[in-house]
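The next block is protein05.csv, given as CSV, C-alpha atoms.
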```csv
chain,number,residue,atom,x,y,z
A,1410,MET,CA,32.6,6.5,-79.3
A,1411,SER,CA,33.1,9.4,-76.9
A,1412,LEU,CA,32.4,9.7,-73.1
A,1413,ARG,CA,30.7,12.9,-71.8
A,1414,VAL,CA,32.0,14.1,-68.5
A,1415,LYS,CA,29.6,16.2,-66.4
A,1416,THR,CA,30.8,19.7,-65.7
A,1417,PRO,CA,31.1,20.9,-62.1
A,1418,SER,CA,28.0,23.0,-62.6
A,1419,GLU,CA,25.9,20.0,-63.7
A,1420,GLN,CA,27.2,17.9,-60.7
A,1421,SER,CA,26.3,20.6,-58.3
A,1422,VAL,CA,22.8,20.7,-59.7
A,1423,SER,CA,22.2,17.0,-59.7
A,1424,SER,CA,23.6,16.2,-56.3
A,1425,PRO,CA,21.0,18.1,-54.2
A,1426,ARG,CA,18.3,16.7,-56.4
A,1427,GLU,CA,19.5,13.1,-55.8
A,1428,LYS,CA,19.6,13.8,-52.1
A,1429,ALA,CA,16.1,15.2,-52.1
A,1430,GLU,CA,14.9,12.1,-53.9
A,1431,LYS,CA,16.5,9.8,-51.3
A,1432,LYS,CA,14.9,11.7,-48.5
A,1433,LYS,CA,11.4,11.4,-49.9
A,1434,TRP,CA,10.8,8.0,-48.4
A,1435,VAL,CA,12.1,9.1,-45.0
A,1436,GLU,CA,10.1,12.2,-44.3
A,1437,PRO,CA,6.5,10.8,-44.5
A,1438,VAL,CA,7.4,7.6,-42.6
A,1439,ALA,CA,9.3,9.6,-40.0
A,1440,ALA,CA,6.3,11.9,-39.6
A,1441,LEU,CA,4.0,9.0,-39.0
A,1442,LEU,CA,6.5,7.4,-36.5
A,1443,MET,CA,6.7,10.7,-34.6
A,1444,ALA,CA,3.0,11.0,-34.5
A,1445,LEU,CA,2.6,7.5,-33.1
A,1446,ALA,CA,5.4,8.1,-30.6
A,1447,THR,CA,3.8,11.3,-29.4
A,1448,LEU,CA,0.5,9.6,-28.8
A,1449,SER,CA,2.3,6.7,-27.0
A,1450,THR,CA,4.2,9.1,-24.8
A,1451,ALA,CA,0.9,10.8,-23.8
A,1452,TRP,CA,-0.7,7.5,-23.1
A,1453,CYS,CA,2.2,6.2,-21.0
A,1454,SER,CA,2.4,9.5,-19.1
A,1455,TYR,CA,-1.4,9.2,-18.3
A,1456,GLN,CA,-1.0,5.6,-17.2
A,1457,SER,CA,2.0,6.4,-15.0
A,1458,ALA,CA,0.1,9.1,-13.2
A,1459,ALA,CA,-2.9,6.9,-12.8
A,1460,TRP,CA,-0.9,4.0,-11.3
A,1461,THR,CA,0.9,6.5,-9.1
A,1462,ARG,CA,-2.4,7.7,-7.7
A,1463,GLN,CA,-3.5,4.1,-7.1
A,1464,SER,CA,-0.2,3.4,-5.3
A,1465,ASN,CA,-0.6,6.4,-3.1
A,1466,ARG,CA,-4.2,5.5,-2.3
A,1467,LEU,CA,-3.2,1.9,-1.3
A,1468,MET,CA,-0.4,3.2,0.8
A,1469,ASN,CA,-2.8,5.5,2.7
A,1470,GLU,CA,-5.1,2.5,3.2
A,1471,PHE,CA,-2.1,0.5,4.5
A,1472,ASN,CA,-1.2,3.3,7.0
A,1473,SER,CA,-4.8,3.5,8.1
A,1474,LEU,CA,-5.2,-0.2,8.6
A,1475,GLU,CA,-1.8,-0.4,10.4
A,1476,ARG,CA,-2.9,2.3,12.8
A,1477,LYS,CA,-6.2,0.6,13.4
A,1478,ALA,CA,-4.5,-2.7,14.1
A,1479,GLY,CA,-2.1,-1.0,16.6
A,1480,LEU,CA,-5.0,0.7,18.3
A,1481,LEU,CA,-7.0,-2.5,18.6
A,1482,SER,CA,-4.0,-4.3,20.1
A,1483,LEU,CA,-3.4,-1.5,22.6
A,1484,GLN,CA,-7.0,-1.4,23.7
A,1485,GLY,CA,-7.1,-5.2,23.9
A,1486,MET,CA,-4.0,-5.2,26.2
A,1487,GLN,CA,-5.5,-2.5,28.4
A,1488,GLN,CA,-8.7,-4.5,28.7
A,1489,ALA,CA,-6.8,-7.7,29.4
A,1490,THR,CA,-4.8,-5.9,32.2
A,1491,ILE,CA,-8.1,-4.8,33.8
A,1492,HIS,CA,-9.5,-8.3,33.5
A,1493,THR,CA,-6.4,-9.8,35.1
A,1494,ALA,CA,-6.6,-7.3,37.9
A,1495,MET,CA,-10.2,-8.2,38.6
A,1496,PHE,CA,-9.3,-11.9,38.6
A,1497,MET,CA,-6.5,-11.2,41.2
A,1498,GLU,CA,-9.1,-9.4,43.3
A,1499,VAL,CA,-11.3,-12.5,43.1
A,1500,LEU,CA,-8.5,-14.7,44.3
A,1501,ALA,CA,-7.6,-12.3,47.1
A,1502,ALA,CA,-11.2,-12.2,48.3
A,1503,LYS,CA,-11.5,-16.0,48.2
A,1504,GLN,CA,-8.3,-16.3,50.1
A,1505,ALA,CA,-9.6,-13.9,52.7
A,1506,GLY,CA,-12.8,-15.9,52.9
A,1507,ASN,CA,-14.9,-13.0,51.6
A,1508,GLU,CA,-17.2,-14.8,49.1
A,1509,GLN,CA,-19.5,-11.8,48.8
A,1510,LEU,CA,-16.6,-9.6,47.6
A,1511,ALA,CA,-15.4,-12.4,45.3
A,1512,ASN,CA,-18.9,-12.8,43.8
A,1513,PHE,CA,-19.1,-9.0,43.4
A,1514,TYR,CA,-16.1,-9.1,41.0
A,1515,VAL,CA,-17.1,-12.3,39.3
A,1516,GLU,CA,-20.6,-10.9,38.5
A,1517,ARG,CA,-18.9,-7.9,36.8
A,1518,PHE,CA,-16.7,-10.0,34.5
A,1519,PRO,CA,-17.4,-9.3,30.9
A,1520,PRO,CA,-19.1,-12.3,29.1
A,1521,ASP,CA,-15.9,-13.6,27.6
A,1522,VAL,CA,-14.0,-13.4,30.9
A,1523,ARG,CA,-16.8,-15.0,32.8
A,1524,GLU,CA,-16.8,-17.9,30.3
A,1525,ALA,CA,-13.1,-18.4,30.6
A,1526,TYR,CA,-13.4,-18.1,34.4
A,1527,ASP,CA,-16.1,-20.7,34.6
A,1528,ALA,CA,-14.2,-23.1,32.3
A,1529,TRP,CA,-11.1,-22.7,34.5
A,1530,LEU,CA,-13.2,-23.4,37.7
A,1531,ALA,CA,-14.5,-26.5,36.0
A,1532,GLN,CA,-11.0,-27.9,35.9
A,1533,LYS,CA,-11.0,-27.6,39.8
A,1534,PRO,CA,-7.7,-25.6,39.8
A,1535,PHE,CA,-7.5,-25.6,43.7
A,1536,GLU,CA,-7.5,-29.4,43.7
A,1537,ASN,CA,-6.2,-30.5,40.3
A,1538,PRO,CA,-2.4,-29.8,39.9
A,1539,ASN,CA,-2.8,-30.4,36.1
A,1540,ALA,CA,-5.3,-27.5,35.7
A,1541,ASP,CA,-4.4,-24.4,33.9
A,1542,PRO,CA,-2.7,-21.8,36.1
A,1543,HIS,CA,-5.2,-19.2,35.4
A,1544,PRO,CA,-8.2,-18.4,33.0
A,1545,PHE,CA,-6.1,-16.3,30.7
A,1546,VAL,CA,-4.5,-19.1,28.8
A,1547,PRO,CA,-5.0,-19.0,25.0
A,1548,LYS,CA,-7.4,-22.0,24.9
A,1549,LEU,CA,-9.8,-20.3,27.5
A,1550,TYR,CA,-9.3,-16.6,26.9
A,1551,GLU,CA,-8.7,-14.4,23.9
A,1552,VAL,CA,-7.3,-10.9,24.3
A,1553,PRO,CA,-10.0,-8.5,23.1
A,1554,GLY,CA,-9.4,-7.1,19.6
A,1555,THR,CA,-6.8,-9.8,18.8
A,1556,ARG,CA,-8.8,-11.2,15.9
A,1557,GLU,CA,-9.8,-7.8,14.5
A,1558,ALA,CA,-6.2,-6.6,14.8
A,1559,ALA,CA,-5.0,-9.7,12.9
A,1560,GLU,CA,-7.5,-9.1,10.1
A,1561,ALA,CA,-6.5,-5.4,9.9
A,1562,ASN,CA,-2.8,-6.4,9.7
A,1563,ALA,CA,-3.6,-8.9,7.0
A,1564,LYS,CA,-5.5,-6.3,5.0
A,1565,ALA,CA,-2.7,-3.8,5.6
A,1566,ALA,CA,-0.1,-6.3,4.3
A,1567,SER,CA,-2.2,-6.9,1.2
A,1568,SER,CA,-2.6,-3.1,0.6
A,1569,GLN,CA,1.2,-2.6,0.9
A,1570,GLN,CA,1.9,-5.4,-1.6
A,1571,GLU,CA,-0.6,-4.0,-4.1
A,1572,ALA,CA,0.8,-0.5,-3.5
A,1573,GLY,CA,4.3,-1.8,-4.4
A,1574,ARG,CA,3.0,-3.5,-7.5
A,1575,ALA,CA,1.2,-0.3,-8.6
A,1576,GLY,CA,4.3,1.7,-8.0
A,1577,ASN,CA,6.3,-0.7,-10.1
A,1578,VAL,CA,3.8,-0.5,-13.0
A,1579,SER,CA,3.9,3.3,-12.8
A,1580,GLY,CA,7.7,3.2,-13.0
A,1581,GLN,CA,7.6,1.0,-16.1
A,1582,TYR,CA,5.1,3.3,-17.8
A,1583,LEU,CA,7.4,6.2,-16.9
A,1584,ALA,CA,10.4,4.4,-18.4
A,1585,ASN,CA,8.4,3.8,-21.6
A,1586,THR,CA,7.8,7.6,-21.9
A,1587,VAL,CA,11.6,8.0,-22.0
A,1588,LEU,CA,11.8,5.3,-24.8
A,1589,PHE,CA,9.2,7.1,-26.8
A,1590,ALA,CA,10.9,10.4,-26.3
A,1591,THR,CA,14.1,8.7,-27.7
A,1592,VAL,CA,12.0,7.6,-30.7
A,1593,LEU,CA,10.9,11.2,-31.3
A,1594,PHE,CA,14.5,12.5,-31.2
A,1595,PHE,CA,15.9,10.0,-33.7
A,1596,ALA,CA,12.9,10.0,-36.0
A,1597,SER,CA,13.1,13.8,-36.2
A,1598,ALA,CA,16.9,13.7,-36.7
A,1599,SER,CA,16.8,11.0,-39.3
A,1600,GLY,CA,15.5,13.5,-41.9
A,1601,LYS,CA,18.2,16.1,-41.2
A,1602,PHE,CA,21.3,14.1,-41.7
A,1603,GLU,CA,23.0,14.5,-45.1
A,1604,GLN,CA,24.7,11.1,-45.3
A,1605,GLN,CA,22.3,8.4,-46.3
A,1606,ARG,CA,23.9,5.8,-44.1
A,1607,VAL,CA,23.6,7.9,-41.0
A,1608,ARG,CA,20.1,8.9,-41.9
A,1609,SER,CA,19.1,5.2,-42.4
A,1610,LEU,CA,20.7,4.1,-39.2
A,1611,ALA,CA,19.0,6.8,-37.2
A,1612,PHE,CA,15.6,5.9,-38.7
A,1613,ILE,CA,16.1,2.1,-38.2
A,1614,PHE,CA,17.1,2.8,-34.6
A,1615,ALA,CA,14.0,4.9,-34.0
A,1616,VAL,CA,11.8,2.1,-35.4
A,1617,ALA,CA,13.5,-0.5,-33.3
A,1618,VAL,CA,13.1,1.5,-30.1
A,1619,PHE,CA,9.5,2.3,-31.0
A,1620,LEU,CA,8.7,-1.4,-31.5
A,1621,PHE,CA,10.5,-2.4,-28.3
A,1622,ALA,CA,8.7,0.3,-26.3
A,1623,LEU,CA,5.3,-0.6,-27.9
A,1624,LEU,CA,5.8,-4.2,-26.9
A,1625,ARG,CA,6.7,-3.2,-23.3
A,1626,THR,CA,3.6,-1.0,-23.1
A,1627,ALA,CA,1.3,-3.8,-24.4
A,1628,MET,CA,2.6,-6.2,-21.7
A,1629,LEU,CA,1.7,-3.7,-18.9
A,1630,PRO,CA,-1.7,-3.8,-17.2
A,1631,LEU,CA,-4.2,-0.9,-17.8
```

Using structure tokens, write down the structure from this file.
Amino acid sequence: MSLRVKTPSEQSVSSPREKAEKKKWVEPVAALLMALATLSTAWCSYQSAAWTRQSNRLMNEFNSLERKAGLLSLQGMQQATIHTAMFMEVLAAKQAGNEQLANFYVERFPPDVREAYDAWLAQKPFENPNADPHPFVPKLYEVPGTREAAEANAKAASSQQEAGRAGNVSGQYLANTVLFATVLFFASASGKFEQQRVRSLAFIFAVAVFLFALLRTAMLPL
């Protein structure tokens, strides 16, 4: 019985052929993986841009509501200052015994101030030491625009919170585009390595990253 040893020429011919056979299973699967990764990258880029636009819109809404609340508070304080000044004129006129001048100011009170003033007078403040010191205590008088300013501030806080959430989602979609780009690189490189072990490791790593990125994307809101 004799053993036949391959000549160097035969070894050189069979080696590339064997390598080509081993690459056959990598190339079509890698091509499919690259196609899926490309589509996923485009989808994540689109979603990231969409959530960024939503975050910017909500931040603009927050700024607008915050300015509105500040303006309402400022206008309310200005009106409260005028109302207080009118009330002081009423007290000065009463102290001077000029009821006609006092009634002149009282009749020009806005409805909410007149209501607070009448409720304060009902406590007989000039005789009752337990009466409220003036009509502008919280239970009798509300600074104009206070309620509207509080509502605007609440809406502004909600818009700011939603803007932060949208920005966070946008960042996660952007991070996923980096993961899918990594998949593209390793899937493309897996068919170019000569050593089977390196080629297999690159391909397995690409698949693992793709599945991880796909899972992350599926968990994000649209």

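Using all atoms listed in the file for every distance, the candidate list A:Leu1467, A:Ala1505, A:Arg1462, A:Phe1545 yields A:Phe1545 as the residue closest to Thr1490 (chain A).
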
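You will find CA of Ala1531 (chain A) at 19.0 Å from CA of His1492 (chain A).
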
CA of Thr1447 (chain A) and CA of Ala1598 (chain A) are how many Å apart?
-> 15.2 Å

Separation of CA of Pro1534 (chain A) and CA of Asp1521 (chain A), in Å?
->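 Taking CA of Pro1534 (chain A) and CA of Asp1521 (chain A), their separation equals 19.0 Å.
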
Spatial neighbours of Phe1619 (chain A), max dist 12 Å, only C-alpha atoms, sep filter under 6 positions, as a PyMOL selection string = chain A and resi 1439+1441-1450+1585-1596+1612-1613+1625-1626

Go through A:Ser1482, A:Val1515, A:Asn1562, A:Ser1579 and flag the residue nearest Glu1498 (chain A), using all atoms listed in the file for the distances.
->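 Using all atoms listed in the file, Glu1498 (chain A) sits closest to A:Val1515.
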
Please provide as an MDAnalysis selection string all residues within 8 Å of Ala1561 (chain A), with the sequence filter that same-chain residues fewer than 6 positions apart are discarded (counting only C-alpha atoms).
-> chainID A and resid 1474:1475 1477:1478

Can I get the selection written as a PDB file, in the coordinates of the input, with C-alpha atoms?
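Below is the file out24.pdb, written as the result:
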```
ATOM      1  CA  LEU A1474      -5.200  -0.200   8.600  1.00  0.00           C
ATOM      2  CA  GLU A1475      -1.800  -0.400  10.400  1.00  0.00           C
ATOM      3  CA  LYS A1477      -6.200   0.600  13.400  1.00  0.00           C
ATOM      4  CA  ALA A1478      -4.500  -2.700  14.100  1.00  0.00           C
TER       5      ALA A1478
END
```

If you count all atoms listed in the file, which residues fall within 10 Å of Ala1511 (chain A), apart from same-chain ones fewer than 6 positions away, as number ranges by chain?
-> A: 1495-1505

Between A:Leu1610, A:Met1486, A:Ser1599, A:Tyr1582, which is the closest to Glu1551 (chain A) once you count all atoms listed in the file?
->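 The shortest atom-to-atom distance to Glu1551 (chain A) comes from A:Met1486.
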
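Minimum atom-to-atom distances from A:Gly1554, A:Pro1437, A:Pro1520, A:Pro1547 to Leu1480 (chain A) were compared using only C-alpha atoms, and the lowest value belongs to A:Gly1554.
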
Got a moment to write region 1563-1603 of chain A out with C-alpha atoms, as an mmCIF file, in the first residue's frame?
```
data_model
loop_
_atom_site.group_PDB
_atom_site.id
_atom_site.type_symbol
_atom_site.label_atom_id
_atom_site.label_comp_id
_atom_site.auth_asym_id
_atom_site.auth_seq_id
_atom_site.Cartn_x
_atom_site.Cartn_y
_atom_site.Cartn_z
ATOM 1 C CA ALA A 1563 -47.736 74.195 34.582
ATOM 2 C CA LYS A 1564 -48.062 73.802 30.813
ATOM 3 C CA ALA A 1565 -44.510 75.104 30.362
ATOM 4 C CA ALA A 1566 -43.157 72.563 32.834
ATOM 5 C CA SER A 1567 -45.023 69.784 31.024
ATOM 6 C CA SER A 1568 -43.656 70.943 27.654
ATOM 7 C CA GLN A 1569 -40.123 71.058 29.052
ATOM 8 C CA GLN A 1570 -40.460 67.531 30.410
ATOM 9 C CA GLU A 1571 -41.807 66.233 27.087
ATOM 10 C CA ALA A 1572 -39.038 68.054 25.220
ATOM 11 C CA GLY A 1573 -36.425 66.340 27.386
ATOM 12 C CA ARG A 1574 -38.053 62.973 26.766
ATOM 13 C CA ALA A 1575 -38.151 63.577 22.999
ATOM 14 C CA GLY A 1576 -34.500 64.630 23.027
ATOM 15 C CA ASN A 1577 -33.584 61.464 24.914
ATOM 16 C CA VAL A 1578 -35.417 59.286 22.364
ATOM 17 C CA SER A 1579 -33.685 61.146 19.540
ATOM 18 C CA GLY A 1580 -30.311 60.448 21.150
ATOM 19 C CA GLN A 1581 -31.097 56.752 21.480
ATOM 20 C CA TYR A 1582 -32.082 56.520 17.810
ATOM 21 C CA LEU A 1583 -28.843 58.308 16.922
ATOM 22 C CA ALA A 1584 -26.861 55.825 19.027
ATOM 23 C CA ASN A 1585 -28.555 52.997 17.155
ATOM 24 C CA THR A 1586 -27.372 54.409 13.831
ATOM 25 C CA VAL A 1587 -23.808 54.042 15.145
ATOM 26 C CA LEU A 1588 -24.513 50.422 16.078
ATOM 27 C CA PHE A 1589 -25.926 49.641 12.633
ATOM 28 C CA ALA A 1590 -22.928 51.353 11.033
ATOM 29 C CA THR A 1591 -20.734 49.011 13.079
ATOM 30 C CA VAL A 1592 -22.724 46.094 11.703
ATOM 31 C CA LEU A 1593 -22.106 47.326 8.162
ATOM 32 C CA PHE A 1594 -18.365 47.525 8.755
ATOM 33 C CA PHE A 1595 -17.935 44.068 10.272
ATOM 34 C CA ALA A 1596 -20.372 42.394 7.892
ATOM 35 C CA SER A 1597 -18.469 43.854 4.948
ATOM 36 C CA ALA A 1598 -15.091 42.942 6.434
ATOM 37 C CA SER A 1599 -16.124 39.384 7.312
ATOM 38 C CA GLY A 1600 -15.928 38.327 3.671
ATOM 39 C CA LYS A 1601 -12.474 39.788 3.144
ATOM 40 C CA PHE A 1602 -10.485 38.069 5.866
ATOM 41 C CA GLU A 1603 -8.414 35.080 4.742
#
```
